[in-house]
Amino acid sequence: MNSSTQTILEHSQIPRHVAVIMDGNGRWAKKRLMPRVMGHKRGLTVLENLCEHCSAIGVQYLTVFAFSTENWRRPQEEVSFLMGLFLQALDKQAQKMHRNNMRLKVIGDRSRFSVEIRAGIEKAEALTAGNTGLTLAIAADYGGRWDILQAANKLLKEGKTEITEADLSRHLMLADAPEPDLFIRTGGETRISNFLLWQLAYTEFYFTDILWPDFNVRAFGEAIESYQKRERRFGRTSEQLPPEQQRG
Ligand code: IPE
Ligand code: IPE
Ligand code: MG
């Protein structure tokens with residue numbers, strides 16, 4: 001195999017963009033007779049490890065669901081804990097990410113966050129903006145429907161009366177990233193829970209019962225392996241695909 005073929009294969013095999021619903025923190029803690037929030041704490045460490053691993057294997061974008069527009073409905077105590085954890089991560093993890101050449105972005109409606117969190121987001125994004133490695137997008141107070149609506153509202157403000165897919169995509173939160181290749185949801189539920197509704201149109205889905213705090217490099221490897229066996233046809237027939245993209 002010459003080196004140019006090898007490059008093509010490597011690019012087609014490692015997903016460029018992985019989107020993850022990190023679910024199961026509460027159940028993980030409950031199983032251990034601990035308060036739910038301990039699962040969130042452990043979950044943050046798992047995310048840190050995943051970032052490093054993704055960066056090492058050449059994933060370029062990792063988008064994770066940390067807090068949905070619906071999660072405000074949780075007990076106030078849990079919401080406060082999550083906000084505290086977020087603030088802490090924005091400071092400490094952002095610095096670590098910066099040292100590792102990673103970019104941090106937060107996607108979602110910032111208006112409901114405290115002034116401290118909003119400032120923390122801006123600081124972390126500014127600090128890491130020039131980095132060229134993995135981009136981690138944290139979806140916080142994010143909802144897929146909200147994302148589509150805010151894009152449509154921006155277009156209305158521009159004076160548009162008729163819009164195209166490209167117009168809408170340009171204003172979505174992940175406009176700078178390619179659409180996710182692989183979607184992973186841990187924790188056993190098989191639903192989207194209002195995550196990236198528009199962007200997941202042709203993403204490969206992978207669900208696992210593993211609870212997020214137990215998710216590790218090996219479990220991620222299994223998801224990648226499953227992804228690599230899929231034939232991504234985008235509406236075409238198998239025979240129309242270049243041989244290196246045909247499976248089975
Ligand atoms: C996901 O874990 C984290 C957040 C939604 C913040 P959960 O807290 O939903 O955990 P389970 O689903 O109750 O186990
Ligand atoms: C989805 O998880 C959101 C996050 C992981 C942040 P949930 O646990 O809130 O989802 P539902 O409500 O069970 O669908
Ligand atoms: Mg859950």
# chains A, B, ... in the order shown; residues from 1 in each chain; ligands from 1

call {"tool": "residues_around", "arguments": {"residues": "stretch 46-58 of chain A", "least_positions_apart": "3", "cutoff": "12 Å", "atoms": "only C-alpha atoms", "output": "mmCIF file with C-alpha atoms, in the first residue's frame"}}
result
data_model
loop_
_atom_site.group_PDB
_atom_site.id
_atom_site.type_symbol
_atom_site.label_atom_id
_atom_site.label_comp_id
_atom_site.auth_asym_id
_atom_site.auth_seq_id
_atom_site.Cartn_x
_atom_site.Cartn_y
_atom_site.Cartn_z
ATOM 1 C CA GLU A 10 -7.072 6.453 7.638
ATOM 2 C CA HIS A 11 -9.259 9.459 6.940
ATOM 3 C CA SER A 12 -12.227 7.381 5.960
ATOM 4 C CA GLN A 13 -11.926 5.112 8.977
ATOM 5 C CA ILE A 14 -11.595 7.490 11.878
ATOM 6 C CA PRO A 15 -14.724 9.601 12.267
ATOM 7 C CA ARG A 16 -13.918 13.271 11.902
ATOM 8 C CA HIS A 17 -16.717 14.332 14.207
ATOM 9 C CA VAL A 18 -18.173 12.322 17.094
ATOM 10 C CA ALA A 19 -21.264 13.475 19.004
ATOM 11 C CA VAL A 20 -22.001 11.958 22.409
ATOM 12 C CA ILE A 21 -24.946 11.939 24.799
ATOM 13 C CA MET A 22 -23.208 11.284 28.083
ATOM 14 C CA ASP A 23 -26.063 9.570 29.911
ATOM 15 C CA ASN A 25 -24.503 9.402 35.656
ATOM 16 C CA GLY A 39 -21.958 10.383 38.972
ATOM 17 C CA HIS A 40 -21.646 13.804 37.336
ATOM 18 C CA LYS A 41 -18.317 14.380 39.046
ATOM 19 C CA ARG A 42 -16.958 11.085 37.816
ATOM 20 C CA GLY A 43 -18.462 11.797 34.396
ATOM 21 C CA TYR A 61 -14.411 17.366 16.600
ATOM 22 C CA LEU A 62 -16.047 15.985 19.715
ATOM 23 C CA THR A 63 -19.452 17.382 20.634
ATOM 24 C CA VAL A 64 -20.936 16.330 23.951
ATOM 25 C CA PHE A 65 -24.345 16.880 25.514
ATOM 26 C CA ALA A 66 -23.751 18.186 29.030
ATOM 27 C CA ALA A 89 -14.380 22.764 34.391
ATOM 28 C CA LYS A 92 -9.382 24.133 35.208
ATOM 29 C CA GLN A 93 -10.045 21.920 32.196
ATOM 30 C CA ALA A 94 -9.825 24.825 29.766
ATOM 31 C CA LYS A 96 -5.347 21.898 30.507
ATOM 32 C CA MET A 97 -6.981 21.793 27.094
ATOM 33 C CA ARG A 99 -1.780 23.192 27.045
ATOM 34 C CA ASN A 100 -2.841 20.271 24.839
ATOM 35 C CA ASN A 101 -3.618 22.500 21.822
ATOM 36 C CA MET A 102 -7.371 21.786 22.054
ATOM 37 C CA ARG A 103 -10.166 24.222 21.341
ATOM 38 C CA LEU A 104 -13.149 24.563 23.636
ATOM 39 C CA THR A 132 -5.398 23.642 16.074
ATOM 40 C CA GLY A 133 -6.012 20.249 17.697
ATOM 41 C CA LEU A 134 -9.278 18.629 18.774
ATOM 42 C CA THR A 135 -12.311 20.907 19.069
ATOM 43 C CA LEU A 136 -14.507 20.020 22.022
ATOM 44 C CA ALA A 137 -17.983 21.519 21.772
ATOM 45 C CA ILE A 138 -19.919 21.333 25.022
ATOM 46 C CA LEU A 211 -23.281 4.119 32.026
ATOM 47 C CA TRP A 212 -21.284 7.250 31.218
ATOM 48 C CA PRO A 213 -19.030 7.131 34.321
ATOM 49 C CA ASP A 214 -17.978 3.602 33.242
ATOM 50 C CA PHE A 215 -17.315 4.590 29.614
ATOM 51 C CA ASN A 216 -13.661 4.232 28.678
ATOM 52 C CA VAL A 217 -11.218 3.920 25.799
ATOM 53 C CA ARG A 218 -12.159 0.297 25.260
ATOM 54 C CA ALA A 219 -15.876 1.053 25.085
ATOM 55 C CA PHE A 220 -15.138 3.911 22.705
ATOM 56 C CA GLY A 221 -13.041 1.547 20.598
ATOM 57 C CA ILE A 224 -15.460 3.050 16.463
#

call {"tool": "select_by_dssp", "arguments": {"residues": "stretch 96-212 of chain A", "states": "strand (DSSP E or B)", "output": "ChimeraX atom specification"}}
result
/A:103-107,135-142,182-185,204-207

call {"tool": "residues_around", "arguments": {"residues": "A:Glu204", "least_positions_apart": "5", "cutoff": "9 Å", "atoms": "only C-alpha atoms", "output": "MDAnalysis selection string"}}
result
chainID A and resid 180:184 227 230 232

call {"tool": "write_last_selection", "arguments": {"atoms": "N, CA, C and O atoms", "output": "PDB file, in the first residue's frame"}}
result
ATOM      1  N   PRO A 180     -21.761  15.466  12.283  1.00  0.00           N
ATOM      2  CA  PRO A 180     -21.193  14.309  12.991  1.00  0.00           C
ATOM      3  C   PRO A 180     -21.235  13.036  12.146  1.00  0.00           C
ATOM      4  O   PRO A 180     -22.218  12.760  11.466  1.00  0.00           O
ATOM      5  N   ASP A 181     -20.146  12.266  12.189  1.00  0.00           N
ATOM      6  CA  ASP A 181     -20.098  10.977  11.492  1.00  0.00           C
ATOM      7  C   ASP A 181     -20.683   9.900  12.384  1.00  0.00           C
ATOM      8  O   ASP A 181     -21.355   8.995  11.924  1.00  0.00           O
ATOM      9  N   LEU A 182     -20.368  10.011  13.673  1.00  0.00           N
ATOM     10  CA  LEU A 182     -20.774   8.989  14.634  1.00  0.00           C
ATOM     11  C   LEU A 182     -21.443   9.637  15.836  1.00  0.00           C
ATOM     12  O   LEU A 182     -20.946  10.625  16.373  1.00  0.00           O
ATOM     13  N   PHE A 183     -22.592   9.063  16.215  1.00  0.00           N
ATOM     14  CA  PHE A 183     -23.325   9.502  17.410  1.00  0.00           C
ATOM     15  C   PHE A 183     -23.299   8.356  18.407  1.00  0.00           C
ATOM     16  O   PHE A 183     -23.586   7.209  18.049  1.00  0.00           O
ATOM     17  N   ILE A 184     -22.936   8.651  19.629  1.00  0.00           N
ATOM     18  CA  ILE A 184     -22.912   7.624  20.672  1.00  0.00           C
ATOM     19  C   ILE A 184     -23.821   8.076  21.810  1.00  0.00           C
ATOM     20  O   ILE A 184     -23.739   9.229  22.242  1.00  0.00           O
ATOM     21  N   TYR A 227     -18.722   1.518  13.910  1.00  0.00           N
ATOM     22  CA  TYR A 227     -18.823   2.571  12.891  1.00  0.00           C
ATOM     23  C   TYR A 227     -18.073   2.172  11.611  1.00  0.00           C
ATOM     24  O   TYR A 227     -18.556   2.369  10.500  1.00  0.00           O
ATOM     25  N   ARG A 230     -19.836   0.046   9.048  1.00  0.00           N
ATOM     26  CA  ARG A 230     -21.042   0.552   8.395  1.00  0.00           C
ATOM     27  C   ARG A 230     -20.739   1.017   6.968  1.00  0.00           C
ATOM     28  O   ARG A 230     -19.666   1.544   6.696  1.00  0.00           O
ATOM     29  N   ARG A 232     -21.767   3.744   4.477  1.00  0.00           N
ATOM     30  CA  ARG A 232     -22.482   5.030   4.464  1.00  0.00           C
ATOM     31  C   ARG A 232     -22.875   5.353   3.024  1.00  0.00           C
ATOM     32  O   ARG A 232     -22.061   5.781   2.229  1.00  0.00           O
TER      33      ARG A 232
END

call {"tool": "closest_residue", "arguments": {"among": "A:Ser80, A:Tyr142, A:Phe234, A:Leu85", "to": "A:Arg110", "atoms": "only C-alpha atoms"}}
result
A:Tyr142

call {"tool": "closest_atom_pairs", "arguments": {"of": "chain A", "to": "ligand 2", "cutoff": "10 Å", "atoms": "only C-alpha atoms and all ligand atoms", "output": "tab-separated table"}}
result
residue	atom	partner	partner_atom_place_in_ligand_line	distance
A:Val20	CA	ligand 2	5 (C)	8.3
A:Ile21	CA	ligand 2	5 (C)	4.8
A:Met22	CA	ligand 2	5 (C)	4.7
A:Asp23	CA	ligand 2	5 (C)	4.6
A:Gly24	CA	ligand 2	8 (O)	6.9
A:Asn25	CA	ligand 2	8 (O)	8.5
A:Gly26	CA	ligand 2	8 (O)	8.6
A:Arg27	CA	ligand 2	8 (O)	9.9
A:Val64	CA	ligand 2	6 (C)	8.0
A:Phe65	CA	ligand 2	6 (C)	4.5
A:Ala66	CA	ligand 2	6 (C)	3.9
A:Phe67	CA	ligand 2	6 (C)	3.8
A:Ser68	CA	ligand 2	3 (C)	5.0
A:Thr69	CA	ligand 2	3 (C)	8.5
A:Glu70	CA	ligand 2	9 (O)	6.9
A:Asn71	CA	ligand 2	9 (O)	5.6
A:Trp72	CA	ligand 2	9 (O)	9.4
A:Arg73	CA	ligand 2	9 (O)	9.4
A:Arg74	CA	ligand 2	9 (O)	8.8
A:Ile138	CA	ligand 2	6 (C)	9.7
A:Ala139	CA	ligand 2	6 (C)	7.8
A:Ala140	CA	ligand 2	6 (C)	7.6
A:Asp141	CA	ligand 2	6 (C)	8.7
A:Tyr142	CA	ligand 2	6 (C)	8.6
A:Gly143	CA	ligand 2	3 (C)	9.1
A:Arg185	CA	ligand 2	5 (C)	8.4
A:Thr186	CA	ligand 2	5 (C)	8.8
A:Gly187	CA	ligand 2	8 (O)	8.5
A:Gly188	CA	ligand 2	13 (O)	9.9
A:Glu189	CA	ligand 2	13 (O)	7.2
A:Thr190	CA	ligand 2	14 (O)	8.8
A:Arg191	CA	ligand 2	14 (O)	6.6
A:Ile192	CA	ligand 2	14 (O)	7.2
A:Ser193	CA	ligand 2	14 (O)	4.5
A:Asn194	CA	ligand 2	1 (C)	7.8
A:Phe195	CA	ligand 2	3 (C)	7.5
A:Trp212	CA	ligand 2	5 (C)	9.2

call {"tool": "write_last_selection", "arguments": {"atoms": "C-alpha atoms", "output": "PDB file, in the first residue's frame"}}
result
ATOM      1  CA  VAL A  20     -22.001  11.958  22.409  1.00  0.00           C
ATOM      2  CA  ILE A  21     -24.946  11.939  24.799  1.00  0.00           C
ATOM      3  CA  MET A  22     -23.208  11.284  28.083  1.00  0.00           C
ATOM      4  CA  ASP A  23     -26.063   9.570  29.911  1.00  0.00           C
ATOM      5  CA  GLY A  24     -26.330   7.378  33.006  1.00  0.00           C
ATOM      6  CA  ASN A  25     -24.503   9.402  35.656  1.00  0.00           C
ATOM      7  CA  GLY A  26     -27.380   9.337  38.128  1.00  0.00           C
ATOM      8  CA  ARG A  27     -27.931   5.598  37.807  1.00  0.00           C
ATOM      9  CA  VAL A  64     -20.936  16.330  23.951  1.00  0.00           C
ATOM     10  CA  PHE A  65     -24.345  16.880  25.514  1.00  0.00           C
ATOM     11  CA  ALA A  66     -23.751  18.186  29.030  1.00  0.00           C
ATOM     12  CA  PHE A  67     -27.028  19.928  29.862  1.00  0.00           C
ATOM     13  CA  SER A  68     -30.226  20.038  27.830  1.00  0.00           C
ATOM     14  CA  THR A  69     -32.839  22.795  27.680  1.00  0.00           C
ATOM     15  CA  GLU A  70     -35.058  20.275  29.504  1.00  0.00           C
ATOM     16  CA  ASN A  71     -32.538  19.557  32.295  1.00  0.00           C
ATOM     17  CA  TRP A  72     -33.564  22.792  34.078  1.00  0.00           C
ATOM     18  CA  ARG A  73     -36.550  20.714  35.214  1.00  0.00           C
ATOM     19  CA  ARG A  74     -34.322  18.693  37.546  1.00  0.00           C
ATOM     20  CA  ILE A 138     -19.919  21.333  25.022  1.00  0.00           C
ATOM     21  CA  ALA A 139     -23.672  21.525  24.510  1.00  0.00           C
ATOM     22  CA  ALA A 140     -25.020  23.330  27.562  1.00  0.00           C
ATOM     23  CA  ASP A 141     -28.561  24.666  27.806  1.00  0.00           C
ATOM     24  CA  TYR A 142     -28.722  23.238  24.314  1.00  0.00           C
ATOM     25  CA  GLY A 143     -31.707  21.856  22.452  1.00  0.00           C
ATOM     26  CA  ARG A 185     -25.412   7.484  23.518  1.00  0.00           C
ATOM     27  CA  THR A 186     -24.432   5.735  26.719  1.00  0.00           C
ATOM     28  CA  GLY A 187     -26.789   4.733  29.521  1.00  0.00           C
ATOM     29  CA  GLY A 188     -29.131   2.423  27.629  1.00  0.00           C
ATOM     30  CA  GLU A 189     -31.739   4.887  26.356  1.00  0.00           C
ATOM     31  CA  THR A 190     -32.321   4.851  22.618  1.00  0.00           C
ATOM     32  CA  ARG A 191     -33.553   8.381  21.975  1.00  0.00           C
ATOM     33  CA  ILE A 192     -32.129  11.709  20.819  1.00  0.00           C
ATOM     34  CA  SER A 193     -33.547  13.793  23.693  1.00  0.00           C
ATOM     35  CA  ASN A 194     -33.525  16.972  21.571  1.00  0.00           C
ATOM     36  CA  PHE A 195     -29.774  16.842  20.818  1.00  0.00           C
ATOM     37  CA  TRP A 212     -21.284   7.250  31.218  1.00  0.00           C
TER      38      TRP A 212
END

call {"tool": "select_by_dssp", "arguments": {"residues": "stretch 135-189 of chain A", "states": "helix (DSSP H, G or I)", "output": "PDB file with N, CA and C atoms, in the first residue's frame"}}
result
ATOM      1  N   GLY A 144     -31.899  20.818  20.281  1.00  0.00           N
ATOM      2  CA  GLY A 144     -31.870  20.811  18.819  1.00  0.00           C
ATOM      3  C   GLY A 144     -32.919  21.742  18.228  1.00  0.00           C
ATOM      4  N   ARG A 145     -34.093  21.781  18.845  1.00  0.00           N
ATOM      5  CA  ARG A 145     -35.153  22.658  18.324  1.00  0.00           C
ATOM      6  C   ARG A 145     -34.778  24.120  18.531  1.00  0.00           C
ATOM      7  N   TRP A 146     -34.200  24.411  19.680  1.00  0.00           N
ATOM      8  CA  TRP A 146     -33.745  25.781  19.953  1.00  0.00           C
ATOM      9  C   TRP A 146     -32.718  26.205  18.893  1.00  0.00           C
ATOM     10  N   ASP A 147     -31.806  25.292  18.561  1.00  0.00           N
ATOM     11  CA  ASP A 147     -30.736  25.594  17.604  1.00  0.00           C
ATOM     12  C   ASP A 147     -31.327  25.979  16.240  1.00  0.00           C
ATOM     13  N   ILE A 148     -32.285  25.175  15.785  1.00  0.00           N
ATOM     14  CA  ILE A 148     -32.902  25.439  14.479  1.00  0.00           C
ATOM     15  C   ILE A 148     -33.666  26.777  14.526  1.00  0.00           C
ATOM     16  N   LEU A 149     -34.360  26.996  15.616  1.00  0.00           N
ATOM     17  CA  LEU A 149     -35.123  28.246  15.742  1.00  0.00           C
ATOM     18  C   LEU A 149     -34.234  29.481  15.784  1.00  0.00           C
ATOM     19  N   GLN A 150     -33.133  29.387  16.543  1.00  0.00           N
ATOM     20  CA  GLN A 150     -32.277  30.576  16.624  1.00  0.00           C
ATOM     21  C   GLN A 150     -31.651  30.872  15.260  1.00  0.00           C
ATOM     22  N   ALA A 151     -31.360  29.820  14.502  1.00  0.00           N
ATOM     23  CA  ALA A 151     -30.809  30.029  13.148  1.00  0.00           C
ATOM     24  C   ALA A 151     -31.877  30.684  12.265  1.00  0.00           C
ATOM     25  N   ALA A 152     -33.106  30.187  12.346  1.00  0.00           N
ATOM     26  CA  ALA A 152     -34.192  30.746  11.526  1.00  0.00           C
ATOM     27  C   ALA A 152     -34.451  32.205  11.907  1.00  0.00           C
ATOM     28  N   ASN A 153     -34.396  32.484  13.193  1.00  0.00           N
ATOM     29  CA  ASN A 153     -34.628  33.871  13.634  1.00  0.00           C
ATOM     30  C   ASN A 153     -33.540  34.818  13.145  1.00  0.00           C
ATOM     31  N   LYS A 154     -32.307  34.331  13.118  1.00  0.00           N
ATOM     32  CA  LYS A 154     -31.220  35.167  12.590  1.00  0.00           C
ATOM     33  C   LYS A 154     -31.478  35.491  11.121  1.00  0.00           C
ATOM     34  N   LEU A 155     -31.947  34.486  10.374  1.00  0.00           N
ATOM     35  CA  LEU A 155     -32.227  34.698   8.943  1.00  0.00           C
ATOM     36  C   LEU A 155     -33.373  35.695   8.760  1.00  0.00           C
ATOM     37  N   LEU A 156     -34.362  35.629   9.642  1.00  0.00           N
ATOM     38  CA  LEU A 156     -35.469  36.593   9.562  1.00  0.00           C
ATOM     39  C   LEU A 156     -34.936  38.006   9.782  1.00  0.00           C
ATOM     40  N   LYS A 157     -34.024  38.109  10.748  1.00  0.00           N
ATOM     41  CA  LYS A 157     -33.441  39.431  11.028  1.00  0.00           C
ATOM     42  C   LYS A 157     -32.639  39.951   9.844  1.00  0.00           C
ATOM     43  N   GLU A 165     -31.261  25.187   2.643  1.00  0.00           N
ATOM     44  CA  GLU A 165     -30.571  24.380   3.663  1.00  0.00           C
ATOM     45  C   GLU A 165     -29.240  25.022   4.034  1.00  0.00           C
ATOM     46  N   ALA A 166     -28.548  25.518   3.012  1.00  0.00           N
ATOM     47  CA  ALA A 166     -27.235  26.118   3.265  1.00  0.00           C
ATOM     48  C   ALA A 166     -27.362  27.349   4.155  1.00  0.00           C
ATOM     49  N   ASP A 167     -28.414  28.153   3.944  1.00  0.00           N
ATOM     50  CA  ASP A 167     -28.634  29.331   4.800  1.00  0.00           C
ATOM     51  C   ASP A 167     -28.777  28.910   6.252  1.00  0.00           C
ATOM     52  N   LEU A 168     -29.614  27.906   6.462  1.00  0.00           N
ATOM     53  CA  LEU A 168     -29.878  27.480   7.834  1.00  0.00           C
ATOM     54  C   LEU A 168     -28.614  26.890   8.480  1.00  0.00           C
ATOM     55  N   SER A 169     -27.943  26.020   7.726  1.00  0.00           N
ATOM     56  CA  SER A 169     -26.732  25.375   8.264  1.00  0.00           C
ATOM     57  C   SER A 169     -25.700  26.412   8.708  1.00  0.00           C
ATOM     58  N   ARG A 170     -25.610  27.462   7.949  1.00  0.00           N
ATOM     59  CA  ARG A 170     -24.631  28.522   8.212  1.00  0.00           C
ATOM     60  C   ARG A 170     -24.865  29.195   9.559  1.00  0.00           C
ATOM     61  N   HIS A 171     -26.078  29.163  10.042  1.00  0.00           N
ATOM     62  CA  HIS A 171     -26.388  29.846  11.306  1.00  0.00           C
ATOM     63  C   HIS A 171     -26.552  28.898  12.483  1.00  0.00           C
TER      64      HIS A 171
END
